[in-house]
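S.K.: Structure incoming, see below.
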Amino acid sequence: MESITLGRAGPRVSRVGLGLMGMSGVYGPADDAESVSTIHAALDAGVTLLDTGDFYGMGHNELLLRDALKSRDRGSVFIGVKFGVQRDPRGALIGRDSSPNAVKNSLAYTLTRLGTDYVDLYQPARIDPAVPIEETVGAIAEMIKAGYVRYLGLSEMGAATIRRAHAVHPVTALQIEYSLMSRGIEAEVLPCVRELGIGVTAYGVLSRGLLSAASAREIGPADPRSRFPRFQGENLRRNLDLLSTLKSIAAGHGVTTAQLAIAWALSRGPDIVPLIGTKRRDRLAEALGALAVQLSPDELAAIEAAVPPGQVAGDRYDPASMAALDSEKPSV
């Protein structure tokens, strides 16, 4: 497994990371034993970056990761944790809190659930409109100074917010959705983080399965993804139609469309670390196969022409969720 430096002056991490969200029922039921085996398989393959959130399954995801790491060397893994999203007992999203006290309180519970003395990367999952980003970052900086956190991260933040945060304490990484079907960061966010020397951990590289033909066609009315506009009605049909050319290119390489999509994400630069989001070992093995795919400039151009950003039907979230994304708001 190749390793890269996360950010201009950050730590060394694996070329791809493992996203654990799906292991806590976000996209339907998950089997804990298979999830733990998937984490072990990733570690055995050389994956060191593990991405979780304290609100994934209301702490379940962190407890699962703790169990998976009991037989492993803590120093050999890089754990990124998102915080700040609030849920009620049913799991419904009810708000965000990234105030200084909430930062420290959330971190204390995370450390206990993970069974560790420190978190490698700590990042607010979304901007809290009631709290200036400077206050949130300042609290994380205090935790870094105290040794409870190693590096500061952000998630789904726009360029202006990133600059404000970076002025308080160096930001090591930005987590944000980036795929063939979600290229909005290329206008302002990506140039900003590259100027500041901030790495990118890219989630949604398969657009929640849309870029994997088999997975996309498994979507049924009970699937949680059906609430996303891109998976609804005519939007889904149009988006699946975009895959036909990708299938031809993939077939020429003897790979799947999912592997091709991940290989495209890897081609965007050494500062982009795709997060493989899966809860199954077979899907992990397929995704890791993308590391061996080499794409020529002509092939990359053909891939991008096959999925033009303007032809993707539907937003990535519902209107209320889109409105909460600082990353989707252009700088003024």
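In the structure tokens, chains take the letters A, B, ... in the order shown, each chain's residues start at 1, and ligands count up from 1 in the order shown.
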When DSSP works through the backbone of this structure, what residues of segment 9-69 of chain A end up as strand (DSSP E or B), shown as a list in words?
M.R.: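 Listing strand (DSSP E or B) positions across segment 9-69 of chain A yields Arg12, Val13, Ser14, Gly17, Leu18, Gly19, Leu49, Leu50, Asp51, Thr52 and Gly53 of chain A.
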S.K.: Report as an MDAnalysis selection string: the residues of segment 16-84 of chain A with a DSSP assignment of helix (DSSP H, G or I), based on the backbone of this structure.
M.R.: chainID A and resid 21:24 32:44 60:69 74:76
S.K.: Which is closer to Lys329 of chain A than all the others in A:Leu20, A:Ala258, A:Leu111, A:Ala187, using only C-alpha atoms?
M.R.: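 Once distances to Lys329 of chain A are computed over only C-alpha atoms, the minimum belongs to A:Ala187.
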S.K.: In Å to one decimal, how far is atom CA of Glu62 of chain A from atom CA of Tyr178 of chain A?
M.R.: 24.3 Å
S.K.: Tell me, as a PyMOL selection string, which residues lie within 9 Å of Met181 of chain A, counting only C-alpha atoms; anything in the same chain fewer than 5 positions away does not count.
M.R.: chain A and resi 205-207+210-211+307-309+311-312+316
S.K.: Measuring atom to atom with only C-alpha atoms, identify which of A:Leu114, A:Val168, A:Leu50, A:Ala102 is nearest to Glu134 of chain A.
M.R.: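 Nearest candidate to Glu134 of chain A out of A:Leu114, A:Val168, A:Leu50, A:Ala102: A:Val168.
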S.K.: Can you tell me, as a ChimeraX atom specification, what residues are no more than 10 Å from Ala261 of chain A when counting only C-alpha atoms, ignoring any on the same chain fewer than 2 positions away?
M.R.: /A:179-181,205-207,211-212,246,250,256-259,263-267,287,290,303
S.K.: Can you spit out the residues from that selection as an mmCIF file, in the first residue's frame, using N, CA, C and O atoms?
M.R.:
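Written out: again30.cif:
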```cif
data_model
loop_
_atom_site.group_PDB
_atom_site.id
_atom_site.type_symbol
_atom_site.label_atom_id
_atom_site.label_comp_id
_atom_site.auth_asym_id
_atom_site.auth_seq_id
_atom_site.Cartn_x
_atom_site.Cartn_y
_atom_site.Cartn_z
ATOM 1 N N SER A 179 -16.521 13.138 -6.359
ATOM 2 C CA SER A 179 -16.611 11.992 -7.261
ATOM 3 C C SER A 179 -16.886 12.515 -8.658
ATOM 4 O O SER A 179 -17.059 13.724 -8.874
ATOM 5 N N LEU A 180 -16.958 11.604 -9.609
ATOM 6 C CA LEU A 180 -17.326 11.982 -10.967
ATOM 7 C C LEU A 180 -18.678 12.686 -11.008
ATOM 8 O O LEU A 180 -18.924 13.527 -11.869
ATOM 9 N N MET A 181 -19.563 12.350 -10.082
ATOM 10 C CA MET A 181 -20.893 12.939 -10.059
ATOM 11 C C MET A 181 -21.014 14.123 -9.107
ATOM 12 O O MET A 181 -22.055 14.768 -9.062
ATOM 13 N N VAL A 205 -17.044 8.628 -3.147
ATOM 14 C CA VAL A 205 -16.357 8.501 -4.439
ATOM 15 C C VAL A 205 -17.150 7.637 -5.419
ATOM 16 O O VAL A 205 -16.931 7.719 -6.632
ATOM 17 N N LEU A 206 -18.077 6.824 -4.911
ATOM 18 C CA LEU A 206 -18.962 6.050 -5.784
ATOM 19 C C LEU A 206 -20.364 6.656 -5.815
ATOM 20 O O LEU A 206 -21.308 6.025 -6.296
ATOM 21 N N SER A 207 -20.480 7.893 -5.314
ATOM 22 C CA SER A 207 -21.769 8.581 -5.274
ATOM 23 C C SER A 207 -22.850 7.685 -4.672
ATOM 24 O O SER A 207 -23.945 7.535 -5.212
ATOM 25 N N LEU A 211 -22.192 5.025 -9.007
ATOM 26 C CA LEU A 211 -21.105 4.740 -9.936
ATOM 27 C C LEU A 211 -20.708 3.270 -9.913
ATOM 28 O O LEU A 211 -19.704 2.884 -10.500
ATOM 29 N N SER A 212 -21.494 2.491 -9.209
ATOM 30 C CA SER A 212 -21.351 1.036 -9.249
ATOM 31 C C SER A 212 -22.673 0.500 -9.765
ATOM 32 O O SER A 212 -23.659 0.459 -9.034
ATOM 33 N N LEU A 246 -18.975 4.461 -19.264
ATOM 34 C CA LEU A 246 -18.037 4.031 -18.224
ATOM 35 C C LEU A 246 -17.852 2.516 -18.253
ATOM 36 O O LEU A 246 -16.746 2.016 -18.056
ATOM 37 N N ALA A 250 -14.345 0.611 -18.601
ATOM 38 C CA ALA A 250 -13.981 -0.346 -17.553
ATOM 39 C C ALA A 250 -13.712 -1.718 -18.149
ATOM 40 O O ALA A 250 -12.741 -2.399 -17.779
ATOM 41 N N THR A 256 -14.227 -3.153 -12.923
ATOM 42 C CA THR A 256 -15.617 -2.754 -12.751
ATOM 43 C C THR A 256 -15.736 -1.236 -12.848
ATOM 44 O O THR A 256 -14.753 -0.502 -12.754
ATOM 45 N N THR A 257 -16.983 -0.760 -13.020
ATOM 46 C CA THR A 257 -17.186 0.684 -13.053
ATOM 47 C C THR A 257 -16.817 1.310 -11.712
ATOM 48 O O THR A 257 -16.334 2.448 -11.662
ATOM 49 N N ALA A 258 -17.040 0.588 -10.629
ATOM 50 C CA ALA A 258 -16.656 1.113 -9.311
ATOM 51 C C ALA A 258 -15.148 1.309 -9.231
ATOM 52 O O ALA A 258 -14.664 2.346 -8.750
ATOM 53 N N GLN A 259 -14.393 0.339 -9.692
ATOM 54 C CA GLN A 259 -12.936 0.475 -9.684
ATOM 55 C C GLN A 259 -12.486 1.630 -10.571
ATOM 56 O O GLN A 259 -11.554 2.365 -10.235
ATOM 57 N N ALA A 263 -10.381 4.845 -9.380
ATOM 58 C CA ALA A 263 -9.131 5.164 -10.066
ATOM 59 C C ALA A 263 -9.149 6.604 -10.554
ATOM 60 O O ALA A 263 -8.121 7.304 -10.508
ATOM 61 N N TRP A 264 -10.309 7.064 -11.016
ATOM 62 C CA TRP A 264 -10.425 8.474 -11.422
ATOM 63 C C TRP A 264 -10.163 9.392 -10.229
ATOM 64 O O TRP A 264 -9.420 10.375 -10.337
ATOM 65 N N ALA A 265 -10.757 9.088 -9.076
ATOM 66 C CA ALA A 265 -10.544 9.912 -7.882
ATOM 67 C C ALA A 265 -9.067 9.935 -7.492
ATOM 68 O O ALA A 265 -8.518 10.980 -7.132
ATOM 69 N N LEU A 266 -8.412 8.784 -7.586
ATOM 70 C CA LEU A 266 -6.980 8.714 -7.270
ATOM 71 C C LEU A 266 -6.162 9.571 -8.229
ATOM 72 O O LEU A 266 -5.124 10.131 -7.858
ATOM 73 N N SER A 267 -6.640 9.696 -9.473
ATOM 74 C CA SER A 267 -5.892 10.455 -10.480
ATOM 75 C C SER A 267 -5.945 11.952 -10.252
ATOM 76 O O SER A 267 -5.177 12.702 -10.869
ATOM 77 N N ALA A 287 -12.831 -2.639 -4.303
ATOM 78 C CA ALA A 287 -12.387 -1.244 -4.296
ATOM 79 C C ALA A 287 -10.871 -1.124 -4.292
ATOM 80 O O ALA A 287 -10.298 -0.282 -5.003
ATOM 81 N N ALA A 290 -8.739 -0.959 -7.438
ATOM 82 C CA ALA A 290 -8.582 0.286 -8.200
ATOM 83 C C ALA A 290 -7.169 0.850 -8.094
ATOM 84 O O ALA A 290 -6.730 1.617 -8.955
ATOM 85 N N ILE A 303 -13.556 9.432 -19.591
ATOM 86 C CA ILE A 303 -14.343 9.182 -18.378
ATOM 87 C C ILE A 303 -15.101 10.439 -17.980
ATOM 88 O O ILE A 303 -16.300 10.398 -17.674
#
```
S.K.: Any idea what's packed within 9 Å of segment 128-130 of chain A, counting only C-alpha atoms, ignoring anything in its chain fewer than 2 positions away? Could you give it as a list in words?
M.R.: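 Returned residues: Gly84, Gly95, Arg96, Asp97, Ser98, Ser99, Pro124, Arg126, Pro132, Ile133, Thr136 and Ala324 of chain A.
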S.K.: Any chance you can output those residues with C-alpha atoms as a PDB file, in the first residue's frame?
M.R.:
```pdb
ATOM      1  CA  GLY A  84     -21.171  18.119  16.195  1.00  0.00           C
ATOM      2  CA  GLY A  95     -29.325  19.999  15.087  1.00  0.00           C
ATOM      3  CA  ARG A  96     -25.635  20.820  15.326  1.00  0.00           C
ATOM      4  CA  ASP A  97     -23.484  21.960  18.222  1.00  0.00           C
ATOM      5  CA  SER A  98     -19.848  22.898  17.713  1.00  0.00           C
ATOM      6  CA  SER A  99     -19.524  25.259  20.654  1.00  0.00           C
ATOM      7  CA  PRO A 124     -16.689  19.296  12.937  1.00  0.00           C
ATOM      8  CA  ARG A 126     -20.888  20.501   9.475  1.00  0.00           C
ATOM      9  CA  PRO A 132     -18.100  31.197  14.747  1.00  0.00           C
ATOM     10  CA  ILE A 133     -15.682  28.692  13.243  1.00  0.00           C
ATOM     11  CA  THR A 136     -14.775  25.760  17.336  1.00  0.00           C
ATOM     12  CA  ALA A 324     -26.805  23.273   5.662  1.00  0.00           C
TER      13      ALA A 324
END
```
S.K.: Check the smallest atom-to-atom distance from each of A:Phe83, A:Gly10, A:Gly289, A:Ser3 to Val171 of chain A using only C-alpha atoms, then report the winner.
M.R.: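 Smallest distance to Val171 of chain A is found for A:Gly10.
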S.K.: Skip Val189 of chain A itself and residues of its chain fewer than 3 positions away, then list as an MDAnalysis selection string all residues within 6 Å of it, counting only C-alpha atoms.
M.R.: chainID A and resid 159 185 192
S.K.: Leaving out Arg238 of chain A and any residue of its chain fewer than 3 positions from it, which residues lie within 10 Å of it when counting only C-alpha atoms, given as an NGL selection string?
M.R.: :A and (230-231 or 233-235 or 241-243 or 311-314)
S.K.: Atom CA of Val26 of chain A and atom CA of Asp120 of chain A, how far apart in Å?
M.R.: 23.8 Å
S.K.: Which one of A:Ser321, A:Ala41, A:Gly254, A:Thr5 sits closest to Ile94 of chain A if you count only C-alpha atoms?
M.R.: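 Using only C-alpha atoms, Ile94 of chain A sits closest to A:Ser321.
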S.K.: Quick one: of A:Gln123, A:Thr161, A:Ser37, A:Thr116, who's nearest to Gly147 of chain A, counting only C-alpha atoms?
M.R.: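 Of all the options, A:Thr116 lies closest to Gly147 of chain A.
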S.K.: For each of A:Pro274, A:Pro89, A:Gly204, A:Gly199, take the minimum atom-to-atom distance to Val47 of chain A, counting only C-alpha atoms, then give the residue where this is smallest.
M.R.: A:Pro274
